[in-house]
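Printed here is work29.pdb (PDB, C-alpha atoms):
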```pdb
ATOM      1  CA  MET J   1     -59.373 -74.892 -17.875  1.00  0.00           C
ATOM      2  CA  THR J   2     -57.968 -76.779 -20.811  1.00  0.00           C
ATOM      3  CA  ASN J   3     -58.066 -74.420 -23.716  1.00  0.00           C
ATOM      4  CA  TRP J   4     -59.173 -76.868 -26.397  1.00  0.00           C
ATOM      5  CA  LEU J   5     -62.252 -77.898 -24.402  1.00  0.00           C
ATOM      6  CA  GLU J   6     -63.271 -74.296 -23.887  1.00  0.00           C
ATOM      7  CA  VAL J   7     -62.783 -73.465 -27.570  1.00  0.00           C
ATOM      8  CA  LEU J   8     -64.756 -76.574 -28.557  1.00  0.00           C
ATOM      9  CA  VAL J   9     -67.662 -75.503 -26.342  1.00  0.00           C
ATOM     10  CA  TYR J  10     -67.687 -72.005 -27.873  1.00  0.00           C
ATOM     11  CA  VAL J  11     -67.505 -73.359 -31.441  1.00  0.00           C
ATOM     12  CA  ILE J  12     -70.363 -75.859 -30.992  1.00  0.00           C
ATOM     13  CA  ALA J  13     -72.469 -73.415 -28.988  1.00  0.00           C
ATOM     14  CA  GLY J  14     -71.824 -70.683 -31.558  1.00  0.00           C
ATOM     15  CA  THR J  15     -72.872 -72.989 -34.400  1.00  0.00           C
ATOM     16  CA  ALA J  16     -76.008 -74.029 -32.509  1.00  0.00           C
ATOM     17  CA  ALA J  17     -76.839 -70.371 -31.835  1.00  0.00           C
ATOM     18  CA  VAL J  18     -76.523 -69.485 -35.534  1.00  0.00           C
ATOM     19  CA  VAL J  19     -78.709 -72.460 -36.535  1.00  0.00           C
ATOM     20  CA  ALA J  20     -81.296 -71.462 -33.923  1.00  0.00           C
ATOM     21  CA  ILE J  21     -81.326 -67.829 -35.101  1.00  0.00           C
ATOM     22  CA  VAL J  22     -81.787 -68.911 -38.739  1.00  0.00           C
ATOM     23  CA  HIS J  23     -84.754 -71.091 -37.751  1.00  0.00           C
ATOM     24  CA  LEU J  24     -86.113 -68.276 -35.610  1.00  0.00           C
ATOM     25  CA  VAL J  25     -85.957 -65.741 -38.444  1.00  0.00           C
ATOM     26  CA  ARG J  26     -87.440 -68.122 -41.030  1.00  0.00           C
ATOM     27  CA  ASP J  27     -90.084 -69.232 -38.509  1.00  0.00           C
ATOM     28  CA  ARG J  28     -89.380 -72.932 -39.032  1.00  0.00           C
ATOM     29  CA  PRO J  29     -89.395 -75.494 -36.216  1.00  0.00           C
ATOM     30  CA  VAL J  30     -85.967 -76.942 -35.453  1.00  0.00           C
ATOM     31  CA  GLU J  31     -85.115 -80.307 -36.989  1.00  0.00           C
ATOM     32  CA  ASP J  32     -83.256 -83.355 -35.736  1.00  0.00           C
ATOM     33  CA  GLY J  33     -79.916 -81.853 -36.792  1.00  0.00           C
ATOM     34  CA  MET J  34     -80.272 -79.205 -34.097  1.00  0.00           C
ATOM     35  CA  TYR J  35     -80.869 -81.805 -31.402  1.00  0.00           C
ATOM     36  CA  LEU J  36     -77.871 -83.775 -32.693  1.00  0.00           C
ATOM     37  CA  LEU J  37     -75.754 -80.634 -32.380  1.00  0.00           C
ATOM     38  CA  LEU J  38     -77.036 -80.028 -28.853  1.00  0.00           C
ATOM     39  CA  GLY J  39     -76.316 -83.694 -28.046  1.00  0.00           C
ATOM     40  CA  VAL J  40     -72.689 -83.283 -29.158  1.00  0.00           C
ATOM     41  CA  ALA J  41     -72.427 -80.081 -27.102  1.00  0.00           C
ATOM     42  CA  GLU J  42     -73.809 -81.907 -24.069  1.00  0.00           C
ATOM     43  CA  LEU J  43     -71.291 -84.721 -24.541  1.00  0.00           C
ATOM     44  CA  VAL J  44     -68.429 -82.197 -24.587  1.00  0.00           C
ATOM     45  CA  LEU J  45     -69.833 -80.538 -21.454  1.00  0.00           C
ATOM     46  CA  VAL J  46     -70.010 -83.869 -19.600  1.00  0.00           C
ATOM     47  CA  VAL J  47     -66.401 -84.592 -20.608  1.00  0.00           C
ATOM     48  CA  GLN J  48     -65.558 -81.107 -19.332  1.00  0.00           C
ATOM     49  CA  LEU J  49     -67.265 -81.900 -16.013  1.00  0.00           C
ATOM     50  CA  VAL J  50     -65.069 -84.975 -15.526  1.00  0.00           C
ATOM     51  CA  ILE J  51     -61.836 -83.339 -16.704  1.00  0.00           C
ATOM     52  CA  GLY J  52     -62.623 -80.196 -14.689  1.00  0.00           C
ATOM     53  CA  CYS J  53     -63.019 -82.199 -11.459  1.00  0.00           C
ATOM     54  CA  VAL J  54     -59.776 -84.091 -12.124  1.00  0.00           C
ATOM     55  CA  MET J  55     -57.924 -80.852 -12.874  1.00  0.00           C
ATOM     56  CA  LEU J  56     -59.323 -79.234  -9.728  1.00  0.00           C
ATOM     57  CA  SER J  57     -58.010 -82.077  -7.568  1.00  0.00           C
ATOM     58  CA  ASP J  58     -54.589 -81.798  -9.243  1.00  0.00           C
ATOM     59  CA  THR J  59     -54.072 -78.060  -9.143  1.00  0.00           C
ATOM     60  CA  ASP J  60     -52.010 -76.247  -6.535  1.00  0.00           C
ATOM     61  CA  ARG J  61     -53.457 -72.878  -7.426  1.00  0.00           C
ATOM     62  CA  ASP J  62     -56.072 -71.116  -5.351  1.00  0.00           C
ATOM     63  CA  VAL J  63     -59.303 -71.971  -7.183  1.00  0.00           C
ATOM     64  CA  SER J  64     -62.648 -71.670  -5.386  1.00  0.00           C
ATOM     65  CA  GLY J  65     -63.583 -75.373  -5.492  1.00  0.00           C
ATOM     66  CA  VAL J  66     -67.277 -75.265  -4.566  1.00  0.00           C
ATOM     67  CA  LEU J  67     -67.916 -72.407  -6.993  1.00  0.00           C
ATOM     68  CA  PHE J  68     -65.999 -74.110  -9.794  1.00  0.00           C
ATOM     69  CA  VAL J  69     -67.778 -77.454  -9.429  1.00  0.00           C
ATOM     70  CA  SER J  70     -71.200 -75.811  -9.141  1.00  0.00           C
ATOM     71  CA  TYR J  71     -70.555 -73.981 -12.434  1.00  0.00           C
ATOM     72  CA  LEU J  72     -69.289 -77.221 -14.001  1.00  0.00           C
ATOM     73  CA  ILE J  73     -72.546 -78.936 -13.010  1.00  0.00           C
ATOM     74  CA  GLY J  74     -74.688 -75.915 -13.912  1.00  0.00           C
ATOM     75  CA  VAL J  75     -73.299 -75.710 -17.429  1.00  0.00           C
ATOM     76  CA  THR J  76     -74.146 -79.389 -18.056  1.00  0.00           C
ATOM     77  CA  LEU J  77     -77.755 -78.861 -16.870  1.00  0.00           C
ATOM     78  CA  ALA J  78     -78.615 -75.875 -19.112  1.00  0.00           C
ATOM     79  CA  LEU J  79     -79.064 -77.781 -22.395  1.00  0.00           C
ATOM     80  CA  PRO J  80     -81.119 -80.765 -21.118  1.00  0.00           C
ATOM     81  CA  ILE J  81     -83.454 -78.427 -19.217  1.00  0.00           C
ATOM     82  CA  GLY J  82     -83.715 -76.058 -22.186  1.00  0.00           C
ATOM     83  CA  ALA J  83     -84.363 -78.879 -24.669  1.00  0.00           C
ATOM     84  CA  PHE J  84     -87.005 -80.435 -22.397  1.00  0.00           C
ATOM     85  CA  TRP J  85     -88.631 -77.049 -21.795  1.00  0.00           C
ATOM     86  CA  SER J  86     -88.779 -76.245 -25.520  1.00  0.00           C
ATOM     87  CA  LEU J  87     -90.372 -79.564 -26.543  1.00  0.00           C
ATOM     88  CA  ALA J  88     -93.909 -78.549 -25.544  1.00  0.00           C
ATOM     89  CA  GLU J  89     -93.605 -75.416 -27.683  1.00  0.00           C
ATOM     90  CA  ARG J  90     -92.736 -76.379 -31.259  1.00  0.00           C
ATOM     91  CA  SER J  91     -92.946 -72.813 -32.466  1.00  0.00           C
ATOM     92  CA  ARG J  92     -90.750 -69.731 -32.631  1.00  0.00           C
ATOM     93  CA  ALA J  93     -90.903 -69.456 -28.852  1.00  0.00           C
ATOM     94  CA  GLY J  94     -89.604 -73.033 -28.516  1.00  0.00           C
ATOM     95  CA  THR J  95     -86.680 -72.258 -30.802  1.00  0.00           C
ATOM     96  CA  ALA J  96     -86.039 -69.124 -28.724  1.00  0.00           C
ATOM     97  CA  VAL J  97     -85.815 -71.309 -25.605  1.00  0.00           C
ATOM     98  CA  LEU J  98     -83.126 -73.428 -27.302  1.00  0.00           C
ATOM     99  CA  LEU J  99     -81.230 -70.280 -28.294  1.00  0.00           C
ATOM    100  CA  LEU J 100     -81.448 -68.970 -24.728  1.00  0.00           C
ATOM    101  CA  ALA J 101     -80.192 -72.314 -23.382  1.00  0.00           C
ATOM    102  CA  VAL J 102     -77.194 -72.139 -25.732  1.00  0.00           C
ATOM    103  CA  LEU J 103     -76.498 -68.528 -24.665  1.00  0.00           C
ATOM    104  CA  THR J 104     -76.706 -69.669 -21.033  1.00  0.00           C
ATOM    105  CA  VAL J 105     -74.007 -72.258 -21.764  1.00  0.00           C
ATOM    106  CA  VAL J 106     -71.756 -69.573 -23.289  1.00  0.00           C
ATOM    107  CA  GLY J 107     -72.334 -67.259 -20.302  1.00  0.00           C
ATOM    108  CA  LEU J 108     -71.601 -69.999 -17.762  1.00  0.00           C
ATOM    109  CA  GLU J 109     -68.544 -71.148 -19.725  1.00  0.00           C
ATOM    110  CA  LEU J 110     -67.107 -67.618 -19.625  1.00  0.00           C
ATOM    111  CA  ARG J 111     -67.631 -67.492 -15.857  1.00  0.00           C
ATOM    112  CA  LEU J 112     -66.173 -70.972 -15.498  1.00  0.00           C
ATOM    113  CA  ALA J 113     -62.967 -69.875 -17.247  1.00  0.00           C
ATOM    114  CA  ALA J 114     -62.798 -66.766 -15.044  1.00  0.00           C
ATOM    115  CA  ILE J 115     -63.263 -68.812 -11.862  1.00  0.00           C
ATOM    116  CA  TRP J 116     -60.554 -71.216 -13.004  1.00  0.00           C
ATOM    117  CA  ALA J 117     -58.293 -68.206 -13.533  1.00  0.00           C
ATOM    118  CA  GLY J 118     -58.905 -67.234  -9.912  1.00  0.00           C
ATOM    119  CA  ALA J 119     -61.975 -64.953  -9.859  1.00  0.00           C
ATOM    120  CA  GLY J 120     -64.425 -65.126  -6.952  1.00  0.00           C
ATOM    121  CA  ALA J 121     -68.214 -64.810  -6.911  1.00  0.00           C
TER     122      ALA J 121
ATOM    123  CA  MET C 122    -108.380 -68.677 -23.910  1.00  0.00           C
ATOM    124  CA  PRO C 123    -111.542 -70.328 -22.560  1.00  0.00           C
ATOM    125  CA  ASP C 124    -109.755 -71.567 -19.432  1.00  0.00           C
ATOM    126  CA  ASP C 125    -110.257 -69.049 -16.615  1.00  0.00           C
ATOM    127  CA  ARG C 126    -106.774 -69.842 -15.297  1.00  0.00           C
ATOM    128  CA  GLN C 127    -104.942 -68.083 -18.071  1.00  0.00           C
ATOM    129  CA  SER C 128    -101.561 -69.622 -18.738  1.00  0.00           C
ATOM    130  CA  LEU C 129     -98.560 -67.361 -18.341  1.00  0.00           C
ATOM    131  CA  SER C 130     -96.006 -69.929 -19.458  1.00  0.00           C
ATOM    132  CA  SER C 131     -97.160 -70.923 -22.945  1.00  0.00           C
ATOM    133  CA  GLY C 132     -96.056 -69.341 -26.196  1.00  0.00           C
ATOM    134  CA  TRP C 133     -93.463 -66.632 -25.640  1.00  0.00           C
ATOM    135  CA  GLY C 134     -94.116 -66.944 -21.928  1.00  0.00           C
ATOM    136  CA  ARG C 135     -92.234 -70.220 -22.115  1.00  0.00           C
ATOM    137  CA  ALA C 136     -89.060 -68.461 -23.258  1.00  0.00           C
ATOM    138  CA  LEU C 137     -89.578 -65.866 -20.531  1.00  0.00           C
ATOM    139  CA  VAL C 138     -89.931 -68.545 -17.832  1.00  0.00           C
ATOM    140  CA  PHE C 139     -86.648 -70.083 -18.971  1.00  0.00           C
ATOM    141  CA  VAL C 140     -84.723 -66.819 -18.645  1.00  0.00           C
ATOM    142  CA  TYR C 141     -86.375 -65.963 -15.324  1.00  0.00           C
ATOM    143  CA  GLY C 142     -85.521 -69.460 -14.098  1.00  0.00           C
ATOM    144  CA  VAL C 143     -81.870 -69.077 -15.102  1.00  0.00           C
ATOM    145  CA  PHE C 144     -81.686 -65.714 -13.341  1.00  0.00           C
ATOM    146  CA  ALA C 145     -83.478 -67.058 -10.264  1.00  0.00           C
ATOM    147  CA  VAL C 146     -80.804 -69.760  -9.953  1.00  0.00           C
ATOM    148  CA  ALA C 147     -77.943 -67.388 -10.833  1.00  0.00           C
ATOM    149  CA  ALA C 148     -78.997 -64.639  -8.415  1.00  0.00           C
ATOM    150  CA  THR C 149     -79.787 -67.087  -5.592  1.00  0.00           C
ATOM    151  CA  GLY C 150     -76.449 -68.825  -6.054  1.00  0.00           C
ATOM    152  CA  ARG C 151     -74.563 -65.554  -6.176  1.00  0.00           C
ATOM    153  CA  SER C 152     -76.217 -64.096  -3.060  1.00  0.00           C
ATOM    154  CA  LEU C 153     -75.724 -67.331  -1.088  1.00  0.00           C
ATOM    155  CA  VAL C 154     -72.021 -67.435  -1.988  1.00  0.00           C
ATOM    156  CA  GLN C 155     -71.615 -63.733  -1.217  1.00  0.00           C
ATOM    157  CA  LEU C 156     -73.439 -63.888   2.122  1.00  0.00           C
ATOM    158  CA  GLY C 157     -71.834 -67.200   3.026  1.00  0.00           C
ATOM    159  CA  THR C 158     -68.222 -66.216   2.380  1.00  0.00           C
ATOM    160  CA  ASP C 159     -67.938 -62.627   3.595  1.00  0.00           C
ATOM    161  CA  ALA C 160     -71.262 -60.999   4.463  1.00  0.00           C
ATOM    162  CA  GLY C 161     -69.645 -57.944   6.077  1.00  0.00           C
ATOM    163  CA  LYS C 162     -67.666 -56.892   3.007  1.00  0.00           C
ATOM    164  CA  ALA C 163     -70.507 -55.207   1.136  1.00  0.00           C
ATOM    165  CA  PRO C 164     -73.764 -55.484   3.103  1.00  0.00           C
ATOM    166  CA  LEU C 165     -75.776 -53.228   0.768  1.00  0.00           C
ATOM    167  CA  ALA C 166     -74.663 -54.968  -2.438  1.00  0.00           C
ATOM    168  CA  TYR C 167     -75.255 -58.403  -0.922  1.00  0.00           C
ATOM    169  CA  SER C 168     -78.709 -57.494   0.391  1.00  0.00           C
ATOM    170  CA  LEU C 169     -79.610 -56.236  -3.075  1.00  0.00           C
ATOM    171  CA  SER C 170     -78.329 -59.502  -4.579  1.00  0.00           C
ATOM    172  CA  LEU C 171     -80.636 -61.349  -2.207  1.00  0.00           C
ATOM    173  CA  LEU C 172     -83.561 -59.047  -3.093  1.00  0.00           C
ATOM    174  CA  ALA C 173     -82.901 -59.671  -6.795  1.00  0.00           C
ATOM    175  CA  ALA C 174     -82.857 -63.411  -6.142  1.00  0.00           C
ATOM    176  CA  VAL C 175     -86.218 -63.275  -4.335  1.00  0.00           C
ATOM    177  CA  VAL C 176     -87.778 -61.138  -7.092  1.00  0.00           C
ATOM    178  CA  TYR C 177     -86.633 -63.564  -9.805  1.00  0.00           C
ATOM    179  CA  LEU C 178     -87.869 -66.565  -7.804  1.00  0.00           C
ATOM    180  CA  VAL C 179     -91.295 -64.940  -7.262  1.00  0.00           C
ATOM    181  CA  ALA C 180     -91.594 -63.967 -10.946  1.00  0.00           C
ATOM    182  CA  THR C 181     -90.608 -67.456 -12.148  1.00  0.00           C
ATOM    183  CA  THR C 182     -93.068 -69.115  -9.781  1.00  0.00           C
ATOM    184  CA  CYS C 183     -95.931 -66.794 -10.742  1.00  0.00           C
ATOM    185  CA  LEU C 184     -95.373 -67.346 -14.461  1.00  0.00           C
ATOM    186  CA  LEU C 185     -95.412 -71.104 -13.891  1.00  0.00           C
ATOM    187  CA  VAL C 186     -98.517 -71.072 -11.684  1.00  0.00           C
ATOM    188  CA  GLY C 187    -100.679 -68.808 -13.859  1.00  0.00           C
ATOM    189  CA  GLY C 188    -104.124 -67.412 -13.088  1.00  0.00           C
ATOM    190  CA  PRO C 189    -105.247 -63.882 -12.151  1.00  0.00           C
ATOM    191  CA  VAL C 190    -103.630 -63.751  -8.692  1.00  0.00           C
ATOM    192  CA  ALA C 191    -100.243 -64.936  -9.974  1.00  0.00           C
ATOM    193  CA  TRP C 192    -100.622 -62.416 -12.798  1.00  0.00           C
ATOM    194  CA  LYS C 193    -100.949 -59.535 -10.296  1.00  0.00           C
ATOM    195  CA  VAL C 194     -98.031 -60.749  -8.171  1.00  0.00           C
ATOM    196  CA  ALA C 195     -95.924 -61.148 -11.320  1.00  0.00           C
ATOM    197  CA  VAL C 196     -96.681 -57.542 -12.326  1.00  0.00           C
ATOM    198  CA  VAL C 197     -95.521 -56.365  -8.875  1.00  0.00           C
ATOM    199  CA  ALA C 198     -92.374 -58.523  -9.088  1.00  0.00           C
ATOM    200  CA  CYS C 199     -91.490 -57.239 -12.561  1.00  0.00           C
ATOM    201  CA  SER C 200     -92.105 -53.631 -11.453  1.00  0.00           C
ATOM    202  CA  VAL C 201     -89.838 -54.063  -8.407  1.00  0.00           C
ATOM    203  CA  GLU C 202     -87.290 -55.625 -10.735  1.00  0.00           C
ATOM    204  CA  LEU C 203     -87.532 -52.681 -13.159  1.00  0.00           C
ATOM    205  CA  VAL C 204     -87.126 -50.101 -10.389  1.00  0.00           C
ATOM    206  CA  GLY C 205     -84.332 -52.195  -8.859  1.00  0.00           C
ATOM    207  CA  VAL C 206     -82.254 -52.556 -12.002  1.00  0.00           C
ATOM    208  CA  LEU C 207     -82.671 -48.870 -12.926  1.00  0.00           C
ATOM    209  CA  ALA C 208     -81.916 -47.602  -9.392  1.00  0.00           C
ATOM    210  CA  VAL C 209     -78.991 -49.941  -8.711  1.00  0.00           C
ATOM    211  CA  GLY C 210     -77.677 -49.479 -12.236  1.00  0.00           C
ATOM    212  CA  ALA C 211     -77.703 -45.676 -11.915  1.00  0.00           C
ATOM    213  CA  LEU C 212     -76.317 -45.741  -8.345  1.00  0.00           C
ATOM    214  CA  SER C 213     -73.470 -48.066  -9.282  1.00  0.00           C
ATOM    215  CA  TYR C 214     -72.300 -45.418 -11.759  1.00  0.00           C
ATOM    216  CA  ALA C 215     -73.137 -42.356  -9.619  1.00  0.00           C
ATOM    217  CA  ALA C 216     -71.887 -43.651  -6.254  1.00  0.00           C
ATOM    218  CA  PRO C 217     -69.531 -46.580  -6.875  1.00  0.00           C
ATOM    219  CA  ASP C 218     -68.261 -46.567  -3.277  1.00  0.00           C
ATOM    220  CA  LEU C 219     -71.702 -47.784  -2.168  1.00  0.00           C
ATOM    221  CA  PHE C 220     -70.965 -51.036  -3.995  1.00  0.00           C
ATOM    222  CA  PRO C 221     -67.566 -52.539  -3.113  1.00  0.00           C
ATOM    223  CA  ASP C 222     -68.791 -55.760  -4.693  1.00  0.00           C
ATOM    224  CA  LYS C 223     -71.130 -56.343  -7.612  1.00  0.00           C
ATOM    225  CA  THR C 224     -74.774 -57.351  -7.691  1.00  0.00           C
ATOM    226  CA  VAL C 225     -76.812 -58.781 -10.551  1.00  0.00           C
ATOM    227  CA  TRP C 226     -78.187 -55.284 -11.154  1.00  0.00           C
ATOM    228  CA  SER C 227     -74.863 -53.361 -11.019  1.00  0.00           C
ATOM    229  CA  HIS C 228     -74.149 -51.264 -14.129  1.00  0.00           C
ATOM    230  CA  PHE C 229     -77.594 -52.190 -15.485  1.00  0.00           C
ATOM    231  CA  GLY C 230     -76.701 -55.883 -15.534  1.00  0.00           C
ATOM    232  CA  GLN C 231     -73.540 -55.434 -17.613  1.00  0.00           C
ATOM    233  CA  GLY C 232     -71.981 -58.621 -16.221  1.00  0.00           C
ATOM    234  CA  TYR C 233     -75.005 -60.598 -17.425  1.00  0.00           C
ATOM    235  CA  GLY C 234     -75.122 -59.281 -21.002  1.00  0.00           C
ATOM    236  CA  TYR C 235     -77.650 -56.587 -19.981  1.00  0.00           C
ATOM    237  CA  PHE C 236     -80.316 -59.280 -19.720  1.00  0.00           C
ATOM    238  CA  PRO C 237     -81.376 -57.959 -16.276  1.00  0.00           C
ATOM    239  CA  LEU C 238     -82.190 -54.604 -17.911  1.00  0.00           C
ATOM    240  CA  VAL C 239     -84.220 -56.085 -20.781  1.00  0.00           C
ATOM    241  CA  LEU C 240     -85.974 -58.738 -18.716  1.00  0.00           C
ATOM    242  CA  PRO C 241     -88.414 -56.549 -16.714  1.00  0.00           C
ATOM    243  CA  PHE C 242     -89.539 -54.781 -19.924  1.00  0.00           C
ATOM    244  CA  ALA C 243     -90.051 -58.138 -21.638  1.00  0.00           C
ATOM    245  CA  GLY C 244     -91.852 -59.446 -18.547  1.00  0.00           C
ATOM    246  CA  LEU C 245     -94.209 -56.488 -18.270  1.00  0.00           C
ATOM    247  CA  ALA C 246     -94.892 -56.516 -22.038  1.00  0.00           C
ATOM    248  CA  TRP C 247     -95.749 -60.208 -21.880  1.00  0.00           C
ATOM    249  CA  LEU C 248     -97.970 -59.768 -18.816  1.00  0.00           C
ATOM    250  CA  TRP C 249     -99.750 -56.862 -20.548  1.00  0.00           C
ATOM    251  CA  SER C 250    -100.397 -59.001 -23.634  1.00  0.00           C
ATOM    252  CA  VAL C 251    -101.987 -61.788 -21.541  1.00  0.00           C
ATOM    253  CA  ARG C 252    -103.766 -59.506 -19.021  1.00  0.00           C
ATOM    254  CA  PRO C 253    -107.065 -60.802 -17.620  1.00  0.00           C
ATOM    255  CA  GLN C 254    -109.869 -59.220 -19.640  1.00  0.00           C
ATOM    256  CA  ARG C 255    -112.982 -60.695 -18.057  1.00  0.00           C
ATOM    257  CA  VAL C 256    -113.229 -57.791 -15.604  1.00  0.00           C
ATOM    258  CA  ALA C 257    -113.367 -55.154 -18.343  1.00  0.00           C
ATOM    259  CA  GLY C 258    -116.399 -56.536 -20.143  1.00  0.00           C
ATOM    260  CA  HIS C 259    -118.137 -59.760 -20.886  1.00  0.00           C
TER     261      HIS C 259
END
```

Would you mind writing the file out in structure tokens?
Amino acid sequence: MTNWLEVLVYVIAGTAAVVAIVHLVRDRPVEDGMYLLLGVAELVLVVQLVIGCVMLSDTDRDVSGVLFVSYLIGVTLALPIGAFWSLAERSRAGTAVLLLAVLTVVGLELRLAAIWAGAGA
Amino acid sequence: MPDDRQSLSSGWGRALVFVYGVFAVAATGRSLVQLGTDAGKAPLAYSLSLLAAVVYLVATTCLLVGGPVAWKVAVVACSVELVGVLAVGALSYAAPDLFPDKTVWSHFGQGYGYFPLVLPFAGLAWLWSVRPQRVAGH
């Protein structure tokens, strides 16, 4: 994968995770800033989806295509589902859902980079 | 809660459903890829991946459905999950040749940030805290 995209995802996701943890500890519901941050992260992930597909079609290396694209799609779904799922629970548990969604993105991104580097399932 | 169908997916249960959902998708995806590409390579590991996938799917569904029956099934699913992750985790260290390829539960879920090890404890603790009490006394 392109390095700058990956780094960008980690930086935004890391920031969002810290913000979520602070809200979790102080027991305050998340504010609009958090959703803005998640929106930016989602935008980067959608860009990554497009660039990833283009790069996959261009590469000569042996990358597992189905696996790679399914992770690309999966990583873009985590935040919208997490945000939607947390909306009904505007409490600590709801903030925890957002944190878990962000951690899911980081986990999938790590796998995505490994698959791009040639790892299998 | 006055409702006799006690909810298993509100409050902290909501966070639990999210993680179980993620692992249901992850384990199902992994076992399908493993069984679809080269099922003969590591039959035991791949069967266990499939078992893990089914357990996570059942647990997620039960938490979403709610009610006393789903509560009981969820307890069974979480118990199977607990035994599974402990047994497979220990075996993958004790007898690594049994597992030429990894499962979700290998090395106590190391490849998944040890979430698979924590999850059954969290699940059982949550189920205990929302256990049906109407049977015990009115």

Using all atoms listed in the file, tabulate the residues of chain C lying at most 7 Å from any atom of chain J, each with its closest atom pair and that distance in Å to one decimal, by chain and increasing residue number, as a tab-separated table.
```
residue	atom	partner	partner_atom	distance
C:Gly132	CA	J:Ala93	CA	5.8
C:Trp133	CA	J:Ala93	CA	5.0
C:Arg135	CA	J:Ala93	CA	6.9
C:Ala136	CA	J:Val97	CA	4.9
C:Phe139	CA	J:Val97	CA	6.8
C:Arg151	CA	J:Ala121	CA	6.4
C:Val154	CA	J:Ala121	CA	6.8
C:Gln155	CA	J:Ala121	CA	6.7
```

From the options J:Leu24, J:Met55, J:Val75, J:Val63, which residue's atoms come nearest to Val102 in chain J, counting all atoms listed in the file?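 Looking only at the distances to Val102 in chain J, the closest residue turns out to be J:Val75.
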
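Here CA of Ala148 in chain C is placed at a distance of 14.2 Å from CA of Leu238 in chain C.
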
Could you work out how far CA of Val140 in chain C lies from CA of Arg26 in chain J, giving the answer in Å with one decimal? 22.6 Å

Once the PyMOL selection byres ((chain C and resi 224) around 8) is applied to the coordinates I shared, what remains selected? I want it as a PyMOL selection string. chain C and resi 166-167+169-170+222-223+225-227

Atom pair CA of Asp159 in chain C + CA of Ala208 in chain C, distance 24.3 Å

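The closest residue to Asp32 in chain J, picked from J:Ala83, J:Leu45, J:Val105, J:Ala119 and counting all atoms listed in the file, is J:Ala83.
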
When you count all atoms listed in the file, which of these residues is closest to Ser131 in chain C: J:Ile12, J:Leu87, J:Val40, J:Ile21? J:Leu87

Apply the PyMOL selection byres ((chain J and resi 13-16) around 8) to the structure shown and report the selected residues as an MDAnalysis selection string. chainID J and resid 9:12 17:20 34 37:38 41 99 102:103 105:106

Spatial neighbours of range 4-6 of chain J, 9 Å, all atoms listed in the file, chain gap at least 6 places, as a PDB file with C-alpha atoms, in the coordinates of the input:
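Wrote it out as result07.pdb, contents follow:
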```
ATOM      1  CA  VAL J  44     -68.429 -82.197 -24.587  1.00  0.00           C
ATOM      2  CA  LEU J  45     -69.833 -80.538 -21.454  1.00  0.00           C
ATOM      3  CA  VAL J  47     -66.401 -84.592 -20.608  1.00  0.00           C
ATOM      4  CA  GLN J  48     -65.558 -81.107 -19.332  1.00  0.00           C
ATOM      5  CA  GLU J 109     -68.544 -71.148 -19.725  1.00  0.00           C
ATOM      6  CA  LEU J 110     -67.107 -67.618 -19.625  1.00  0.00           C
ATOM      7  CA  ALA J 113     -62.967 -69.875 -17.247  1.00  0.00           C
TER       8      ALA J 113
END
```

What would the selection look like, as a PyMOL selection string, if the PyMOL selection byres ((chain C and resi 197) around 12) were run on the coordinates I just shared? chain C and resi 176-177+179-180+183+190-196+198-205+241+244-245+248

Extract, using all atoms listed in the file, all DNA, RNA and protein residues at most 8 Å from Thr76 in chain J, discarding same-chain residues fewer than 6 positions from it, and format them as a PyMOL selection string. chain J and resi 42+45-46+49

Dump of range 42-58 of chain J from preceding block, C-alpha atoms, as a PDB file, in the first residue's frame:
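Once written, decode-v6.pdb looks like this:
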```pdb
ATOM      1  CA  GLU J  42     -13.906   7.625   6.667  1.00  0.00           C
ATOM      2  CA  LEU J  43     -13.031   9.947   3.782  1.00  0.00           C
ATOM      3  CA  VAL J  44      -9.403   8.768   3.888  1.00  0.00           C
ATOM      4  CA  LEU J  45     -10.579   5.141   3.969  1.00  0.00           C
ATOM      5  CA  VAL J  46     -12.805   5.649   0.912  1.00  0.00           C
ATOM      6  CA  VAL J  47      -9.871   7.256  -0.926  1.00  0.00           C
ATOM      7  CA  GLN J  48      -7.810   4.242   0.145  1.00  0.00           C
ATOM      8  CA  LEU J  49     -10.468   1.906  -1.282  1.00  0.00           C
ATOM      9  CA  VAL J  50     -10.234   3.590  -4.691  1.00  0.00           C
ATOM     10  CA  ILE J  51      -6.435   3.880  -4.726  1.00  0.00           C
ATOM     11  CA  GLY J  52      -6.093   0.315  -3.410  1.00  0.00           C
ATOM     12  CA  CYS J  53      -8.213  -1.089  -6.262  1.00  0.00           C
ATOM     13  CA  VAL J  54      -6.237   0.909  -8.839  1.00  0.00           C
ATOM     14  CA  MET J  55      -2.933  -0.245  -7.347  1.00  0.00           C
ATOM     15  CA  LEU J  56      -4.126  -3.858  -7.302  1.00  0.00           C
ATOM     16  CA  SER J  57      -4.946  -3.731 -11.015  1.00  0.00           C
ATOM     17  CA  ASP J  58      -1.517  -2.215 -11.742  1.00  0.00           C
TER      18      ASP J  58
END
```
